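Everything on this sheet refers to the single structure shown next.
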Amino acid sequence: MNAAGEGGHPTADESERVATTDGVQTTETTGIPTLSVLDRALYALFSRHADRARHDADRKHYRATGVTASFDVYLARTYGLSWLALALLTAWTFVVVVALPDATLAAAADFLRRGVPGLEAVGVPAVSRTAAAVGAGLGVGLAGKRATVALGGRYLEWTASARRSNIERTLPGAVRYLHALSSGNEDGAAMLRKVADREEAYGETAVAFRKALNKATLTGSLGEGLRVVARDTPSRDALAPFLVKFREHAEQGPDALAQYLRMESRMLSNRQDRSREQASDFLELIAEMFVVLLVLPALLIIVVTVMSVLAPGLSAETATPFGRVTVRALLVYGSAGFILVVGGVAAAVVAALRPPDQSGRDYERPDGALPVLASALRNPASALVAFTPLAVGVAAALGTLGYSPVNVALLGYVAAALPVGLVALRRANLDDAKDREIKDFVHAVSGHVSLGRPFSEAVERVARDVDLGALDGDVSDLAFNANLTTRGGDLQAAALSRFVDRVGTPLADQTIGLVTGALDAGGDAEAVFETLQVEIGRLYHERKALRSNMLVYVAVGWTTALLVVGIMVAVNVYVLDSFAQLSSISTADAGIALDADAVQPARDRRRFYVVTQATMLACGWFAGYASRGRYEALLHSGALVGVAYFVFAGVGMI
């Protein structure tokens with residue numbers, strides 16, 4: 001069968017998870033096959049493709065992914081799916097071609113004959129409808145089959161790229177954590193294990209370290225484990241050289257390793273800063289494109305409405321799956337859908353470019369109805385559950401009062417989005433206040449530790465003597481728990497972990513978690529807190545700078561939205577009625593052909609309103625994700641929808 005790590009058998013990345021026998025995965029303890037009957041059948045049919053040269057690049061990308069199935073099993077599934085795509089596309093295309101009207105089929109044949117150079121001169125004999133359907137079906141099906149196989153390979157590449165991005169984002173923080181741990185008495189393997197145990201903070205870097213340790217357990221050599229992971233990692237320019245150098249310096253002794261980690265942490269931080277500058281430049285381009293793509297549809301709708309007076313063809317009806325509609329209505333509502341898609345894509349891009357460790361928090365909803373209601377005013381996840389029934393009730397009440405379905409849906413959205421967004425904003429302000437104070441807390445504790453006081457006594461003095469505002473209650477709780485025992489170890493680490501959970505901000509997890517691991521490793525407290533002061537100062541100033549930069553894009557979203565509202569209102573108030581009068585001029589008097597029903601103010605105002613509200617939603621999503629995340633996207637979009645309704649209703653346009 002295929003070579004290990006390249007064909008049917010797992011690479012070293014998978015050796016701790018499964019064993020294989022002739023490409024069939026089995027558990028190491030029982031030997032019972034873990035593949036389904038379908039997978040085994042696909043493996044028997046298509047595993048031979050794994051040895052082909054065309055899949056060499058896919059095999060290389062596979063090593064860098066976290067796909068659990070062996071390479072040949074994954075490839076067999078892909079080929080099986082490609083044959084299914086072939087069958088479905090062939091059948092669907094055959095049915096469509098058979099059902100086409102004769103005129104349409106003849107037009108397609110003429111288009112093909114004229115479009116292919118030389119085909120018209122040579123002449124092609126007429127073919128039956130069935131033969132044409134079979135030929136078109138096979139052509140489309142084969143293209144779909146090839147595309148499916150190519151997409152399977154592309155998926156591996158995308159997965160490897162995502163892992164590389166995650167590693168390059170989390171590696172600098174992991175190296176700084178290792179530097180803090182190096183002041184203790186643990187060896188390189190124990191230091192890597194502490195990073196590996198914090199996957200939430202260090203993501204794919206922690207996963208890579210865990211794989212290296214697992215391979216070291218299997219081979220009996222940490223160096224061998226680091227070498228294998230360095231060979232297979234997708235981060236060829238960051239993690240791979242780090243692992244190789246870590247291995248070399250670890251063999252030279254703890255002092256050489258500590259010196260290397262200090263230097264490497266600085267270099268990786270500088271590299272991360274440059275990457276963030278590049279992401280900021282790209283985000284500026286995205287913002288410019290966002291403005292253009294949202295303003296242009298609004299202007300297009302205005303131009304189409306005005307030109308419909310002179311172009312009666314825009315009022316012609318065309319068949320759609322939803323019935324017959326005019327070309328102009330199709331353009332209007334199609335533009336509204338396009339705007340929503342642009343807004344969603346722009347919001348997703350902003351969320352992807354924003355550093356995940358500096359994005360809005362992911363709040364967890366407590367279990368049970370009563371805890372959810374009790375936390376509804378301080379937890380956005382609970383607020384979303386609590387206020388959704390209220391929004392449904394508001395929408396139902398508006399429907400009974402005779403509001404249009406569009407306004408019922410929009411105002412119902414506002415009734416849910418605004419309260420949830422306000423709760424998120426209140427909670428974010430509290431978290432920001434805690435982050436401001438935690439920096440002062442660390443500096444105060446560090447000062448006492450540098451004087452030789454134990455950590456528990458330092459925390460107690462800070463809790464008693466320093467006013468830390470929003471952090472006072474959390475620090476008092478930490479002081480109480482830290483002084484339950486006079487020794488460190490697990491109880492001290494548990495007190496710090498409880499403190500991190502109570503504070504609940506990403507900054508606390510990134511910084512206080514560093515203290516927990518370093519002190520638990522036996523590190524020098526003064527050195528640990530010196531490192532922590534540098535780390536927390538850097539992270540806090542990064543957050544402030546990012547917040548200031550992202551506020552620009554919040555302003556872009558609001559400015560674009562209000563600009564569109566102003567344009568739409570001005571056109572409706574000052575232009576629409578004039579063109580309605582122009583379209584009513586008789587053909588004889590005007591001497592030109594005009595469509596008397598081209599402009600109907602009530603109908604066109606309703607359409608303009610739909611496009612405007614779609615723009616409000618898109619701009620709100622963009623501004624919210626630029627600010628702090630999805631909960632603020634609800635706040636901004638709900639507020640903008642409410643503003644647009646207030647303006648349009650106030651001027652009597654809806």
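We label chains A, B, ... in the order they appear in the structure tokens, count residues from 1 in each chain, and number ligands from 1 in the order shown.
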
Could you go through stretch 241-464 of chain A and tell me which residues DSSP, when run on the backbone, assigns to helix (DSSP H, G or I), listing them as a PyMOL selection string? chain A and resi 241-252+254-307+312-315+327-353+356-358+369-374+380-400+405-450+455-464

Counting only C-alpha atoms, what is within 9 Å of stretch 150-156 of chain A, bar same-chain residues fewer than 6 positions away, as a CSV table (one decimal) with N, CA and C atoms, in the first residue's frame?
```csv
chain,number,residue,atom,x,y,z
A,55,HIS,N,-1.2,14.5,-6.9
A,55,HIS,CA,-1.6,14.8,-5.5
A,55,HIS,C,-0.5,15.0,-4.6
A,57,ALA,N,1.2,17.8,-4.1
A,57,ALA,CA,1.0,19.1,-3.4
A,57,ALA,C,-0.1,18.9,-2.3
A,58,ASP,N,-1.2,18.1,-2.6
A,58,ASP,CA,-2.2,17.8,-1.6
A,58,ASP,C,-1.7,17.1,-0.4
A,59,ARG,N,-0.8,16.1,-0.7
A,59,ARG,CA,-0.2,15.4,0.4
A,59,ARG,C,0.7,16.3,1.3
A,61,HIS,N,0.2,19.5,1.8
A,61,HIS,CA,-0.8,20.4,2.5
A,61,HIS,C,-1.4,19.5,3.6
A,62,TYR,N,-1.7,18.3,3.3
A,62,TYR,CA,-2.4,17.4,4.3
A,62,TYR,C,-1.6,17.3,5.6
A,64,ALA,N,0.1,19.5,7.0
A,64,ALA,CA,0.1,20.7,7.7
A,64,ALA,C,-1.3,21.0,8.3
A,65,THR,N,-2.3,20.1,8.0
A,65,THR,CA,-3.6,20.3,8.5
A,65,THR,C,-3.9,19.4,9.7
A,67,VAL,N,-6.6,17.4,9.8
A,67,VAL,CA,-7.6,16.4,9.3
A,67,VAL,C,-7.3,15.1,10.0
A,74,TYR,N,-9.1,10.3,3.1
A,74,TYR,CA,-9.7,11.6,2.7
A,74,TYR,C,-9.8,11.7,1.2
A,75,LEU,N,-8.8,11.3,0.5
A,75,LEU,CA,-8.8,11.4,-1.0
A,75,LEU,C,-9.9,10.4,-1.5
A,78,THR,N,-13.1,12.2,-1.3
A,78,THR,CA,-13.2,13.2,-2.3
A,78,THR,C,-13.6,12.7,-3.6
A,79,TYR,N,-12.9,11.6,-4.0
A,79,TYR,CA,-13.2,11.0,-5.3
A,79,TYR,C,-14.7,10.4,-5.3
```

Give me, as a Markdown table, each residue of stretch 399-462 of chain A that comes within 8 Å of stretch 528-535 of chain A, together with its shortest interatomic pair and the distance in Å at one decimal, counting only C-alpha atoms, with rows ordered by chain and rising residue number.
```
| residue | atom | partner | partner_atom | distance |
| --- | --- | --- | --- | --- |
| A:Lys439 | CA | A:Gln533 | CA | 7.8 |
| A:Val442 | CA | A:Gln533 | CA | 6.6 |
| A:His443 | CA | A:Gln533 | CA | 6.4 |
| A:Ser446 | CA | A:Phe529 | CA | 5.5 |
| A:Val449 | CA | A:Phe529 | CA | 7.9 |
```
